[in-house]
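Following: one structure in structure tokens, then a few remarks.
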Amino acid sequence: MQPTPQHLQGNGYSSVNAERLCVLHACEAFFIFHLLNGPFSVIPLNTLSDSITLYQNDGLKTLKINHPVAEAAISLHGGHLFQFKPTGQEEIIWLSEKAEFNPQKAIRGGVPICWPWFGRIANPAHGFARISEWSLLDHQEDDDKVIVRLSLNDSEATRAVWPHAFYAVITFTISTTLSIQLDVKNTDSHTWCCSGALHSYFNVSNASDCYTHFHWRCG
């Protein structure tokens, strides 16, 4: 079933006009963590900077960030961050022991990008962004942080399930805290509807000691 504006609006979606932006912000919070178990089998492909290396990770290309303030890992498949560890701390992001690094599947755990819909209102569940191949747009770093931006455009494959034009950019700011921002631009000639989530999984020892800050802006 293809989502239509009427169908999406009936499920809590909001209309997005052409040339407008939808922005999702995720955590700038601090948590008590459990240690993430198990290393990954990776093959280095290219050193992009002092802090960023591109790896082949069980069939998926992964950006590994090793900076004095933090470590992180981001799969280009799904634009999916699945590791974040500030220096001297335990892992913040939870990753399932059953996670598969398979181009046909979403990674289980981490921070999947659910877009342009959330839930099982259409196929694939939670939208196609989390199982699409994102492109490295740019990256930068200084003594305090690393910023990585990935992009995703509409394609024949995305238009087959959601017939709209768009341009999406996901920005990861990796420092002593983690910030993730999703910007989506309507590049079509008509209005369309969308929803989304940065469906974050955290390692926490006591949920009552944790908090999250979430901000949604559309327009």
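Residue numbers start at 1 in each chain; chains themselves are named A, B, ... in the order of the structure tokens; ligands are numbered from 1 in the order shown.
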From a DSSP pass on the backbone, collect the residues of stretch 41-130 of chain A flagged as strand (DSSP E) and hand them back as number ranges by chain.
-> A: 42-47, 52-57, 60-67, 70-75, 80-86, 113-114
Grab the residues selected above and save them as a short mmCIF file (atom, residue, chain, number, x, y, z; two decimals), in the first residue's frame with N, CA and C atoms.
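Output saved as again01.cif:
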data_model
loop_
_atom_site.label_atom_id
_atom_site.label_comp_id
_atom_site.auth_asym_id
_atom_site.auth_seq_id
_atom_site.Cartn_x
_atom_site.Cartn_y
_atom_site.Cartn_z
N VAL A 42 35.74 -5.95 10.66
CA VAL A 42 35.74 -4.87 9.69
C VAL A 42 37.03 -4.90 8.87
N ILE A 43 36.93 -4.37 7.64
CA ILE A 43 38.07 -4.27 6.74
C ILE A 43 38.24 -2.80 6.38
N PRO A 44 39.39 -2.17 6.68
CA PRO A 44 39.58 -0.75 6.34
C PRO A 44 39.63 -0.54 4.83
N LEU A 45 38.93 0.49 4.36
CA LEU A 45 38.89 0.82 2.93
C LEU A 45 39.63 2.11 2.62
N ASN A 46 39.44 3.14 3.49
CA ASN A 46 40.01 4.44 3.17
C ASN A 46 40.09 5.29 4.43
N THR A 47 41.20 5.98 4.62
CA THR A 47 41.33 6.93 5.73
C THR A 47 40.91 8.30 5.22
N ILE A 52 38.57 9.87 11.02
CA ILE A 52 37.52 9.13 10.33
C ILE A 52 38.13 8.13 9.35
N THR A 53 37.70 6.88 9.47
CA THR A 53 38.13 5.82 8.55
C THR A 53 36.89 5.13 8.00
N LEU A 54 36.91 4.84 6.70
CA LEU A 54 35.83 4.10 6.06
C LEU A 54 36.18 2.62 6.07
N TYR A 55 35.25 1.80 6.60
CA TYR A 55 35.45 0.36 6.70
C TYR A 55 34.36 -0.38 5.93
N GLN A 56 34.68 -1.61 5.56
CA GLN A 56 33.67 -2.56 5.09
C GLN A 56 33.29 -3.41 6.29
N ASN A 57 32.03 -3.37 6.68
CA ASN A 57 31.58 -4.04 7.90
C ASN A 57 30.52 -5.07 7.54
N LEU A 60 28.59 -3.98 4.61
CA LEU A 60 28.12 -2.60 4.63
C LEU A 60 29.29 -1.65 4.86
N LYS A 61 29.24 -0.49 4.20
CA LYS A 61 30.27 0.53 4.42
C LYS A 61 29.96 1.30 5.70
N THR A 62 30.98 1.43 6.53
CA THR A 62 30.81 2.05 7.85
C THR A 62 31.89 3.09 8.07
N LEU A 63 31.48 4.25 8.60
CA LEU A 63 32.42 5.29 9.01
C LEU A 63 32.74 5.08 10.48
N LYS A 64 34.01 4.88 10.78
CA LYS A 64 34.45 4.72 12.15
C LYS A 64 35.14 6.00 12.59
N ILE A 65 34.65 6.60 13.67
CA ILE A 65 35.21 7.85 14.20
C ILE A 65 35.99 7.54 15.47
N ASN A 66 37.25 7.88 15.47
CA ASN A 66 38.11 7.78 16.65
C ASN A 66 38.72 9.16 16.90
N HIS A 67 38.15 9.88 17.85
CA HIS A 67 38.56 11.24 18.16
C HIS A 67 38.95 11.29 19.63
N ALA A 70 35.70 11.20 21.76
CA ALA A 70 34.66 10.18 21.63
C ALA A 70 34.97 9.24 20.47
N GLU A 71 34.30 8.07 20.51
CA GLU A 71 34.30 7.13 19.40
C GLU A 71 32.86 6.98 18.90
N ALA A 72 32.72 6.68 17.61
CA ALA A 72 31.39 6.44 17.05
C ALA A 72 31.52 5.60 15.80
N ALA A 73 30.41 5.01 15.37
CA ALA A 73 30.36 4.25 14.12
C ALA A 73 29.03 4.53 13.44
N ILE A 74 29.09 4.82 12.13
CA ILE A 74 27.91 5.16 11.35
C ILE A 74 27.91 4.33 10.08
N SER A 75 26.86 3.57 9.86
CA SER A 75 26.72 2.80 8.63
C SER A 75 26.10 3.67 7.55
N HIS A 80 22.88 5.11 9.53
CA HIS A 80 22.54 4.55 10.83
C HIS A 80 23.72 4.59 11.80
N LEU A 81 23.65 5.44 12.81
CA LEU A 81 24.66 5.44 13.87
C LEU A 81 24.38 4.28 14.81
N PHE A 82 25.39 3.44 15.06
CA PHE A 82 25.16 2.29 15.94
C PHE A 82 26.18 2.20 17.07
N GLN A 83 27.05 3.20 17.19
CA GLN A 83 27.97 3.24 18.33
C GLN A 83 28.26 4.69 18.67
N PHE A 84 28.28 5.00 19.97
CA PHE A 84 28.75 6.30 20.46
C PHE A 84 29.27 6.10 21.87
N LYS A 85 30.54 6.46 22.06
CA LYS A 85 31.20 6.24 23.34
C LYS A 85 32.11 7.43 23.65
N PRO A 86 31.70 8.32 24.56
CA PRO A 86 32.60 9.39 24.98
C PRO A 86 33.84 8.80 25.66
N ILE A 113 16.83 5.67 11.22
CA ILE A 113 16.07 6.80 10.71
C ILE A 113 14.75 6.28 10.15
N CYS A 114 13.67 6.51 10.86
CA CYS A 114 12.35 6.10 10.40
C CYS A 114 11.76 7.26 9.60
#
Give the helix (DSSP H, G or I) residues of stretch 95-202 of chain A, as DSSP finds them on the backbone, and put them as a PDB file with C-alpha atoms, in the first residue's frame.
ATOM      1  CA  ALA A 129      15.339   5.689   4.811  1.00  0.00           C
ATOM      2  CA  ARG A 130      16.651   3.116   7.290  1.00  0.00           C
ATOM      3  CA  ILE A 131      17.321   0.546   4.536  1.00  0.00           C
ATOM      4  CA  GLU A 156      13.461   5.071  -8.864  1.00  0.00           C
ATOM      5  CA  ALA A 157      13.390   2.667  -5.908  1.00  0.00           C
ATOM      6  CA  THR A 158      12.013   5.229  -3.419  1.00  0.00           C
ATOM      7  CA  ARG A 159       9.456   6.606  -5.887  1.00  0.00           C
ATOM      8  CA  ALA A 160       8.147   3.078  -6.427  1.00  0.00           C
ATOM      9  CA  VAL A 161       6.887   3.039  -2.819  1.00  0.00           C
TER      10      VAL A 161
END
Residues of stretch 81-147 of chain A that have any atom at most 7 Å from an atom of stretch 199-204 of chain A: could you tabulate them with the shortest-distance atom pair and the distance in Å to one decimal, using only C-alpha atoms, ordered by chain and increasing number, as JSON lines?
{"residue": "A:Glu91", "atom": "CA", "partner": "A:Asn203", "partner_atom": "CA", "distance": 6.9}
{"residue": "A:Ile92", "atom": "CA", "partner": "A:Asn203", "partner_atom": "CA", "distance": 5.3}
{"residue": "A:Ile93", "atom": "CA", "partner": "A:Phe202", "partner_atom": "CA", "distance": 4.6}
{"residue": "A:Trp94", "atom": "CA", "partner": "A:Asn203", "partner_atom": "CA", "distance": 4.9}
{"residue": "A:Gly109", "atom": "CA", "partner": "A:Tyr201", "partner_atom": "CA", "distance": 5.7}
{"residue": "A:Gly110", "atom": "CA", "partner": "A:Tyr201", "partner_atom": "CA", "distance": 5.4}
{"residue": "A:Val111", "atom": "CA", "partner": "A:Ser200", "partner_atom": "CA", "distance": 4.4}
{"residue": "A:Pro112", "atom": "CA", "partner": "A:His199", "partner_atom": "CA", "distance": 5.5}
{"residue": "A:Ile113", "atom": "CA", "partner": "A:His199", "partner_atom": "CA", "distance": 6.5}
{"residue": "A:Cys114", "atom": "CA", "partner": "A:His199", "partner_atom": "CA", "distance": 6.8}
Just the selected residues (C-alpha atoms), exported as a JSON list (two decimals), in the first residue's frame, please.
[["chain", "number", "residue", "atom", "x", "y", "z"],
["A", 91, "GLU", "CA", 28.80, 2.84, 25.41],
["A", 92, "ILE", "CA", 25.73, 5.09, 25.18],
["A", 93, "ILE", "CA", 24.07, 3.41, 22.21],
["A", 94, "TRP", "CA", 22.56, -0.08, 22.51],
["A", 109, "GLY", "CA", 19.50, -1.11, 17.62],
["A", 110, "GLY", "CA", 21.49, 2.10, 17.32],
["A", 111, "VAL", "CA", 19.60, 5.09, 15.91],
["A", 112, "PRO", "CA", 17.55, 4.02, 12.86],
["A", 113, "ILE", "CA", 16.07, 6.80, 10.71],
["A", 114, "CYS", "CA", 12.35, 6.10, 10.40]]
Mind pulling up the distance from atom CA of A:Leu198 to atom CA of A:Ala165?
->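 Atom-to-atom, atom CA of A:Ala165 to atom CA of A:Leu198, that is 21.0 Å.
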A:Glu97, A:Glu141, A:Glu133, A:Glu90: which is nearest A:His77, counting only C-alpha atoms?
->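 That would be A:Glu133, the residue with the smallest distance to A:His77.
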For A:Gln104, which residue among A:Asn123, A:Ser132, A:Thr177, A:Ser151 is the nearest when counting only C-alpha atoms?
->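 Selected residue with least distance to A:Gln104: A:Ser132.
With distances restricted to only C-alpha atoms, A:Lys185 is the closest residue to A:Tyr167 from A:Arg120, A:Lys145, A:Lys98, A:Lys185.
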May I ask which of the residues A:Asn206, A:Ser96, A:Ala168, A:Gln89 is the closest one to A:Leu136, counting only C-alpha atoms?
->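 With only C-alpha atoms as the atom set, the closest residue is A:Ala168.
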